[in-house]
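The file data05.cif contains mmCIF, C-alpha atoms:
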```cif
data_protein
#
loop_
_atom_site.label_atom_id
_atom_site.label_comp_id
_atom_site.auth_asym_id
_atom_site.auth_seq_id
_atom_site.Cartn_x
_atom_site.Cartn_y
_atom_site.Cartn_z
CA MET P 1 -18.79 1.28 9.35
CA GLU P 2 -16.89 -0.23 6.43
CA VAL P 3 -15.99 3.18 4.97
CA VAL P 4 -14.59 4.36 8.31
CA LEU P 5 -12.46 1.23 8.66
CA ARG P 6 -11.30 1.52 5.06
CA ALA P 7 -10.33 5.18 5.60
CA ILE P 8 -8.36 4.31 8.76
CA VAL P 9 -6.49 1.46 7.08
CA VAL P 10 -5.74 3.47 3.91
CA TYR P 11 -4.57 6.47 5.96
CA LEU P 12 -2.24 4.37 8.11
CA LEU P 13 -0.96 2.42 5.10
CA LEU P 14 -0.18 5.60 3.16
CA LEU P 15 1.44 7.13 6.24
CA LEU P 16 3.67 4.08 6.61
CA ILE P 17 4.62 3.87 2.92
CA PHE P 18 5.29 7.60 2.53
CA ARG P 19 7.25 7.75 5.77
CA MET P 20 9.32 4.70 4.97
CA SER P 21 10.03 5.74 1.39
CA GLY P 22 12.10 8.60 2.79
CA ARG P 23 11.65 12.32 3.04
CA ARG P 24 13.21 13.15 -0.28
CA THR P 25 10.68 11.14 -2.23
CA MET P 26 7.86 13.63 -1.86
CA ALA P 27 9.66 16.89 -1.14
CA GLN P 28 11.14 17.31 -4.56
CA MET P 29 8.19 17.44 -6.88
CA THR P 30 9.46 16.76 -10.34
CA SER P 31 6.90 16.32 -13.09
CA PHE P 32 7.21 12.55 -12.69
CA ASP P 33 6.55 12.82 -8.94
CA LEU P 34 3.36 14.71 -9.76
CA VAL P 35 2.30 11.80 -11.96
CA MET P 36 3.11 9.45 -9.05
CA VAL P 37 0.91 11.46 -6.69
CA LEU P 38 -1.95 11.40 -9.18
CA ILE P 39 -1.63 7.64 -9.64
CA VAL P 40 -1.50 7.05 -5.87
CA ALA P 41 -4.60 9.21 -5.42
CA GLU P 42 -6.47 7.37 -8.15
CA THR P 43 -5.42 3.95 -6.83
CA THR P 44 -6.37 4.85 -3.28
CA GLN P 45 -9.81 6.13 -4.18
CA GLN P 46 -11.26 2.68 -4.88
CA ALA P 47 -9.83 1.17 -1.70
CA LEU P 48 -11.19 4.11 0.28
CA VAL P 49 -14.85 3.92 -0.68
CA GLY P 50 -15.15 0.53 -2.40
CA SER P 51 -18.41 0.33 -4.32
CA ASP P 52 -20.08 2.99 -2.13
CA TYR P 53 -20.51 6.06 -4.32
CA SER P 54 -22.89 7.88 -1.99
CA ILE P 55 -22.31 11.37 -0.63
CA THR P 56 -22.67 9.93 2.88
CA GLY P 57 -19.84 7.47 2.16
CA ALA P 58 -17.59 10.24 0.83
CA MET P 59 -18.44 12.47 3.79
CA LEU P 60 -17.65 9.65 6.22
CA ALA P 61 -14.32 8.88 4.55
CA ILE P 62 -13.24 12.54 4.45
CA THR P 63 -14.32 13.16 8.05
CA THR P 64 -12.44 10.07 9.19
CA LEU P 65 -9.28 11.18 7.39
CA PHE P 66 -9.42 14.68 8.89
CA SER P 67 -10.19 13.28 12.36
CA LEU P 68 -7.17 10.99 12.13
CA ASP P 69 -5.02 13.92 11.07
CA ILE P 70 -6.21 16.05 13.97
CA GLY P 71 -5.78 13.12 16.37
CA LEU P 72 -2.22 12.53 15.21
CA SER P 73 -1.35 16.23 15.55
CA TYR P 74 -2.45 16.05 19.21
CA LEU P 75 -0.47 12.87 19.69
CA LYS P 76 2.63 14.54 18.24
CA ARG P 77 2.14 17.57 20.47
CA HIS P 78 1.98 15.54 23.66
CA LEU P 79 4.43 12.77 22.79
CA PRO P 80 7.74 14.04 21.38
CA ASN P 81 8.70 10.50 20.42
CA ALA P 82 5.56 10.20 18.29
CA SER P 83 6.50 13.39 16.47
CA ARG P 84 9.95 12.00 15.80
CA VAL P 85 8.57 8.75 14.43
CA LEU P 86 5.75 10.29 12.39
CA ASP P 87 7.52 13.35 11.02
CA GLY P 88 11.20 12.55 11.42
CA VAL P 89 13.95 14.82 12.70
CA PRO P 90 16.01 17.48 10.91
CA THR P 91 19.39 16.33 9.67
CA ILE P 92 22.50 18.46 9.23
CA LEU P 93 23.97 17.71 5.81
CA VAL P 94 26.64 20.43 5.69
CA ARG P 95 28.43 21.86 8.70
CA GLU P 96 30.86 24.76 8.38
CA GLY P 97 31.31 24.27 4.66
CA LYS P 98 31.93 20.52 4.89
CA ALA P 99 29.47 17.98 3.57
CA ASN P 100 28.49 15.04 5.77
CA GLU P 101 28.83 12.32 3.15
CA HIS P 102 27.28 9.67 5.38
CA ALA P 103 24.14 11.75 6.01
CA LEU P 104 23.91 12.65 2.31
CA ARG P 105 24.06 9.01 1.28
CA ARG P 106 21.62 7.77 3.91
CA SER P 107 19.09 10.51 3.22
CA ARG P 108 19.54 10.17 -0.56
CA VAL P 109 20.43 13.82 -1.10
CA GLU P 110 22.94 14.84 -3.76
CA LEU P 111 25.47 17.57 -3.04
CA GLU P 112 24.21 19.31 -6.17
CA GLU P 113 20.78 19.65 -4.54
CA ILE P 114 22.34 21.46 -1.60
CA LEU P 115 24.26 23.80 -3.91
CA GLU P 116 21.04 24.42 -5.83
CA ALA P 117 19.23 25.33 -2.60
CA ALA P 118 22.16 27.55 -1.61
CA ARG P 119 22.06 29.36 -4.95
CA SER P 120 18.30 29.76 -5.12
CA THR P 121 17.61 30.74 -1.51
CA GLN P 122 20.79 32.56 -0.42
CA GLY P 123 22.60 33.45 -3.62
CA LEU P 124 25.64 31.42 -2.55
CA SER P 125 27.98 30.01 -5.14
CA ALA P 126 30.21 27.57 -3.26
CA LEU P 127 29.98 24.91 -0.59
CA ASP P 128 32.40 26.67 1.76
CA GLU P 129 30.01 29.62 1.94
CA ILE P 130 27.47 27.41 3.71
CA GLU P 131 27.52 27.31 7.51
CA PHE P 132 24.72 24.75 7.78
CA ALA P 133 22.59 22.90 5.26
CA ILE P 134 19.73 21.17 7.01
CA LEU P 135 17.35 18.57 5.61
CA GLU P 136 14.11 19.61 7.28
CA VAL P 137 11.36 17.19 8.28
CA ASP P 138 9.26 18.23 5.27
CA GLY P 139 12.14 17.27 2.95
CA LYS P 140 13.19 20.82 2.08
CA ILE P 141 16.80 21.94 2.44
CA SER P 142 17.45 25.02 4.60
CA ILE P 143 20.67 26.93 4.04
CA ILE P 144 22.38 29.10 6.65
CA PRO P 145 25.25 31.07 5.07
CA ARG P 146 28.63 31.46 6.73
CA ARG P 147 29.27 34.82 8.26
CA ARG P 148 32.23 36.60 6.66
CA ASN P 149 34.74 38.39 8.92
CA MET V 1 29.23 39.69 16.66
CA ALA V 2 29.44 35.95 17.19
CA ARG V 3 26.71 33.84 15.65
CA LYS V 4 24.32 32.17 18.06
CA PRO V 5 24.53 28.36 18.12
CA LEU V 6 22.13 26.51 15.88
CA GLU V 7 18.94 25.71 17.74
CA LEU V 8 18.15 22.38 16.19
CA ASP V 9 16.45 19.40 17.74
CA GLU V 10 18.87 16.84 16.31
CA HIS V 11 18.60 13.19 17.22
CA PRO V 12 21.47 11.51 15.37
CA ALA V 13 21.03 8.11 17.05
CA PHE V 14 17.32 8.06 16.28
CA GLN V 15 17.96 9.22 12.72
CA GLU V 16 20.53 6.47 12.20
CA ARG V 17 18.13 3.82 13.50
CA PHE V 18 15.35 5.19 11.32
CA TRP V 19 17.52 5.14 8.19
CA THR V 20 18.27 1.48 8.89
CA LEU V 21 14.57 0.78 9.44
CA GLU V 22 13.80 2.53 6.11
CA ARG V 23 16.16 0.15 4.30
CA TRP V 24 14.40 -2.84 5.84
CA PHE V 25 11.10 -1.46 4.67
CA TRP V 26 12.48 -0.97 1.16
CA ALA V 27 13.36 -4.67 1.17
CA GLY V 28 9.77 -5.27 2.33
CA PHE V 29 8.48 -3.14 -0.58
CA ALA V 30 10.50 -5.32 -2.98
CA LEU V 31 9.04 -8.47 -1.39
CA VAL V 32 5.50 -7.11 -1.78
CA VAL V 33 6.16 -6.41 -5.47
CA LEU V 34 7.65 -9.88 -5.90
CA ALA V 35 4.69 -11.48 -4.10
CA GLY V 36 2.38 -9.53 -6.41
CA LEU V 37 4.24 -10.77 -9.50
CA LEU V 38 4.09 -14.36 -8.27
CA GLY V 39 0.37 -14.10 -7.62
CA LEU V 40 0.65 -14.59 -3.86
CA LEU V 41 -1.60 -11.56 -3.40
CA GLY V 42 -4.16 -12.66 -5.97
CA GLY V 43 -5.06 -11.09 -9.29
CA GLY V 44 -3.25 -13.60 -11.53
CA GLY V 45 0.26 -15.02 -11.46
CA LEU V 46 1.92 -18.36 -10.93
CA PHE V 47 0.54 -19.13 -7.48
CA SER V 48 -2.84 -17.39 -7.67
CA ARG V 49 -4.72 -20.39 -9.07
CA SER V 50 -4.80 -24.13 -8.69
CA THR V 51 -6.67 -27.09 -10.10
CA ALA V 52 -8.70 -29.67 -8.20
CA ARG V 53 -9.91 -32.88 -9.79
CA ALA V 54 -12.99 -34.93 -9.14
CA GLY V 55 -12.74 -38.04 -11.29
CA THR V 56 -12.18 -36.75 -14.79
CA SER V 57 -13.86 -33.43 -14.07
CA ALA V 58 -11.64 -30.55 -13.03
CA LEU V 59 -12.03 -27.20 -11.33
CA ASP V 60 -9.55 -24.40 -11.88
CA TYR V 61 -10.03 -22.01 -8.95
CA PRO V 62 -8.31 -19.04 -7.28
CA THR V 63 -6.10 -19.94 -4.32
CA VAL V 64 -5.86 -16.23 -3.57
CA ALA V 65 -8.68 -13.83 -4.42
CA ARG V 66 -9.34 -10.22 -3.57
CA TRP V 67 -12.30 -8.90 -1.68
CA GLN V 68 -15.02 -7.43 -3.92
CA SER V 69 -13.06 -8.29 -7.08
CA ASP V 70 -14.19 -10.69 -9.77
CA VAL V 71 -12.46 -14.03 -10.20
CA THR V 72 -13.45 -17.01 -12.29
CA LEU V 73 -14.06 -20.65 -11.52
CA GLU V 74 -13.27 -22.71 -14.61
CA LEU V 75 -14.99 -26.08 -14.65
CA ASP V 76 -14.22 -28.91 -17.05
CA LEU V 77 -17.07 -31.36 -16.78
CA ALA V 78 -16.40 -34.97 -17.67
CA PRO V 79 -18.78 -36.70 -20.10
CA GLY V 80 -21.89 -37.74 -18.22
CA VAL V 81 -21.61 -34.99 -15.61
CA THR V 82 -24.53 -32.63 -16.14
CA THR V 83 -24.96 -31.02 -12.72
CA ILE V 84 -22.96 -28.61 -10.65
CA THR V 85 -24.05 -28.07 -7.06
CA LEU V 86 -23.05 -24.79 -5.46
CA LEU V 87 -22.81 -25.70 -1.80
CA PRO V 88 -23.82 -23.07 0.78
CA SER V 89 -20.17 -22.67 1.82
CA LEU V 90 -19.46 -21.39 -1.71
CA THR V 91 -22.37 -18.97 -1.88
CA ASP V 92 -21.48 -17.72 1.61
CA VAL V 93 -18.04 -16.63 0.39
CA PHE V 94 -18.71 -15.73 -3.23
CA ASP V 95 -21.49 -13.83 -4.98
CA ILE V 96 -22.20 -15.41 -8.37
CA GLU V 97 -21.83 -12.76 -11.06
CA HIS V 98 -22.53 -14.84 -14.15
CA ILE V 99 -22.29 -18.35 -15.53
CA LEU V 100 -21.29 -19.25 -19.09
CA PRO V 101 -22.93 -21.15 -20.68
CA GLN V 102 -26.18 -20.50 -18.87
CA PRO V 103 -27.51 -23.65 -17.20
CA ASP V 104 -30.73 -25.11 -18.53
CA GLU V 105 -32.12 -25.33 -15.01
CA GLU V 106 -31.32 -23.81 -11.66
CA ASN V 107 -32.89 -25.66 -8.75
CA LEU V 108 -32.67 -25.07 -5.05
CA GLY V 109 -31.87 -28.42 -3.50
CA PRO V 110 -31.25 -29.50 0.09
CA ASP V 111 -27.47 -29.15 -0.43
CA GLY V 112 -27.48 -25.87 -2.28
CA ILE V 113 -28.14 -24.52 -5.75
CA VAL V 114 -28.11 -27.22 -8.42
CA LEU V 115 -27.20 -26.10 -11.95
CA VAL V 116 -28.29 -28.51 -14.65
CA PHE V 117 -26.68 -28.46 -18.09
CA GLY V 118 -28.35 -30.04 -21.09
CA THR V 119 -25.43 -31.82 -22.64
CA ALA V 120 -24.13 -35.17 -21.43
CA SER V 121 -20.93 -34.97 -23.47
CA GLY V 122 -19.11 -32.81 -20.92
CA GLY V 123 -17.81 -29.33 -21.53
CA HIS V 124 -16.37 -26.19 -20.10
CA VAL V 125 -18.27 -23.89 -17.74
CA THR V 126 -17.00 -20.50 -16.56
CA MET V 127 -18.40 -18.93 -13.42
CA ALA V 128 -17.52 -15.35 -12.54
CA VAL V 129 -17.71 -14.88 -8.80
CA ARG V 130 -16.93 -12.08 -6.39
CA ALA V 131 -15.61 -12.61 -2.86
CA ASN V 132 -17.90 -10.88 -0.39
CA ARG V 133 -15.69 -11.01 2.68
CA PRO V 134 -11.95 -11.01 3.33
CA GLY V 135 -10.03 -13.73 5.14
CA PRO V 136 -9.37 -17.44 4.68
CA ALA V 137 -12.36 -19.24 3.20
CA ARG V 138 -13.17 -22.90 2.87
CA TRP V 139 -15.86 -23.74 0.38
CA GLY V 140 -17.24 -26.66 -1.57
CA ILE V 141 -18.69 -27.48 -4.94
CA ARG V 142 -20.10 -30.70 -6.32
CA LEU V 143 -19.44 -31.79 -9.90
CA GLY V 144 -22.00 -34.48 -10.53
CA PRO V 145 -21.73 -36.75 -7.49
CA ASP V 146 -18.15 -35.76 -6.63
CA GLU V 147 -17.60 -33.07 -4.02
CA LEU V 148 -14.56 -30.83 -3.93
CA SER V 149 -13.46 -29.00 -0.83
CA ILE V 150 -11.43 -25.90 -1.66
CA SER V 151 -9.47 -23.27 0.29
CA THR V 152 -9.15 -19.71 -0.93
CA LEU V 153 -7.50 -16.82 0.82
CA VAL V 154 -9.45 -13.64 0.20
CA MET V 155 -7.16 -10.62 0.50
CA PRO V 156 -8.69 -7.44 1.90
#
```
Go ahead and render the structure in this file as structure tokens.
Amino acid sequence: MEVVLRAIVVYLLLLLIFRMSGRRTMAQMTSFDLVMVLIVAETTQQALVGSDYSITGAMLAITTLFSLDIGLSYLKRHLPNASRVLDGVPTILVREGKANEHALRRSRVELEEILEAARSTQGLSALDEIEFAILEVDGKISIIPRRRN
Amino acid sequence: MARKPLELDEHPAFQERFWTLERWFWAGFALVVLAGLLGLLGGGGLFSRSTARAGTSALDYPTVARWQSDVTLELDLAPGVTTITLLPSLTDVFDIEHILPQPDEENLGPDGIVLVFGTASGGHVTMAVRANRPGPARWGIRLGPDELSISTLVMP
């Protein structure tokens, strides 16, 4: 029982911390972010299984985590509000070539990151060539180029 | 050909509220770190330990401990005090990992486990203990004839 409770608490705690740290924290994996993920994984491991090193304990913890994930996916499917809270909503950062400074600041995205996404995904070289830049719920930036007349 | 409008499920009011909530949580993160540094969550720090006195004997104990983690009880025995009684309330909360120096005798008495030390000139005893359940705990220990009643919060 203890392993199941531990898995539930750790899952919900990680969900809360990751969600509240903002989307950009995990979407842009720099080498330092990779180190962060490794440290979080290592730190979590002990809290997850405690002093129980059995295969049964590991199996219980993993099954609990996957069950929670499946349960939450159903919750999100049937309750749009839950999806909004758990995953967030997409945010328009650039509209018709103009940056939304407020949204950039609040979502901690630099204009340079948008230009980088525009260059790498669409081959665009300037901000006014962007129709929409959207911060997606997974933290990635989608670029829709402006249509030239 | 005109471009179709962007099909995007935007919720600006929700997003704005969530950004504000995020900032509150960041302040909460800072408070958690600060509480950790101050020892309010156990594991060392200014407020993680305290001292209780029984006559001229003293017990340095954790005010905040962590579940299934080792902490120490540091006992300064006054001259003439040769026994430490681990009351059942203590052994209910903590598993005894080791005691330094080892007692000369360990007896099971009506009030708990009585540790007898050979010297009558006082001295320092360290007990490593491990909390076996989370939550607030009230426990007692007897240094010679004097009983101490202690509170420790065991963090999950």
Skipping near chain neighbours, those fewer than 5 positions away, what residues fall within 10 Å of region 51-67 of chain P using all atoms listed in the file, listed as a CSV table (one decimal) with C-alpha atoms, in the coordinates of the input?
```csv
chain,number,residue,atom,x,y,z
P,1,MET,CA,-18.8,1.3,9.4
P,2,GLU,CA,-16.9,-0.2,6.4
P,3,VAL,CA,-16.0,3.2,5.0
P,4,VAL,CA,-14.6,4.4,8.3
P,5,LEU,CA,-12.5,1.2,8.7
P,6,ARG,CA,-11.3,1.5,5.1
P,7,ALA,CA,-10.3,5.2,5.6
P,8,ILE,CA,-8.4,4.3,8.8
P,10,VAL,CA,-5.7,3.5,3.9
P,11,TYR,CA,-4.6,6.5,6.0
P,12,LEU,CA,-2.2,4.4,8.1
P,46,GLN,CA,-11.3,2.7,-4.9
P,72,LEU,CA,-2.2,12.5,15.2
P,73,SER,CA,-1.4,16.2,15.6
V,68,GLN,CA,-15.0,-7.4,-3.9
```
message = Once the PyMOL selection byres ((chain V) within 7 of (chain P)) is applied to the coordinates I shared, what remains selected? I want it as a list in words.
response =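 Those residues are Glu10, His11, Gln15, Trp19, Glu22 and Phe25 of chain V.
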ask   = So what do you get for CA of Leu6 (chain V) versus CA of Lys140 (chain P), distance-wise?
value = 17.4 Å
Straight-line distance linking CA of Arg77 (chain P) with CA of Thr44 (chain P), stated in Å to one decimal =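 Calculated distance between CA of Arg77 (chain P) and CA of Thr44 (chain P) is 28.3 Å.
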key: Atom pair CA of Leu38 (chain V) / CA of Phe18 (chain P): separation (Å)   = 24.5 Å
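Around Thr152 (chain V), within 8 Å and counting all atoms listed in the file, the residues found are Pro62, Thr63, Val64, Ala65, Pro136, Ala137, Arg138 and Trp139 of chain V, once anything fewer than 3 positions away on its own chain is removed.
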message = as a ChimeraX atom specification, please: the residues near Leu108 (chain V) (cut-off 12 Å, only C-alpha atoms, same-chain neighbours under 4 positions excluded).
response = /V:84-88,112-116
inquiry  = With the PyMOL selection byres ((chain V and resi 66) around 10) as the selection, what would be picked from this file? Answer as a PyMOL selection string, please.
reply    = chain V and resi 41-43+62+64-65+67-71+130-135+152-156
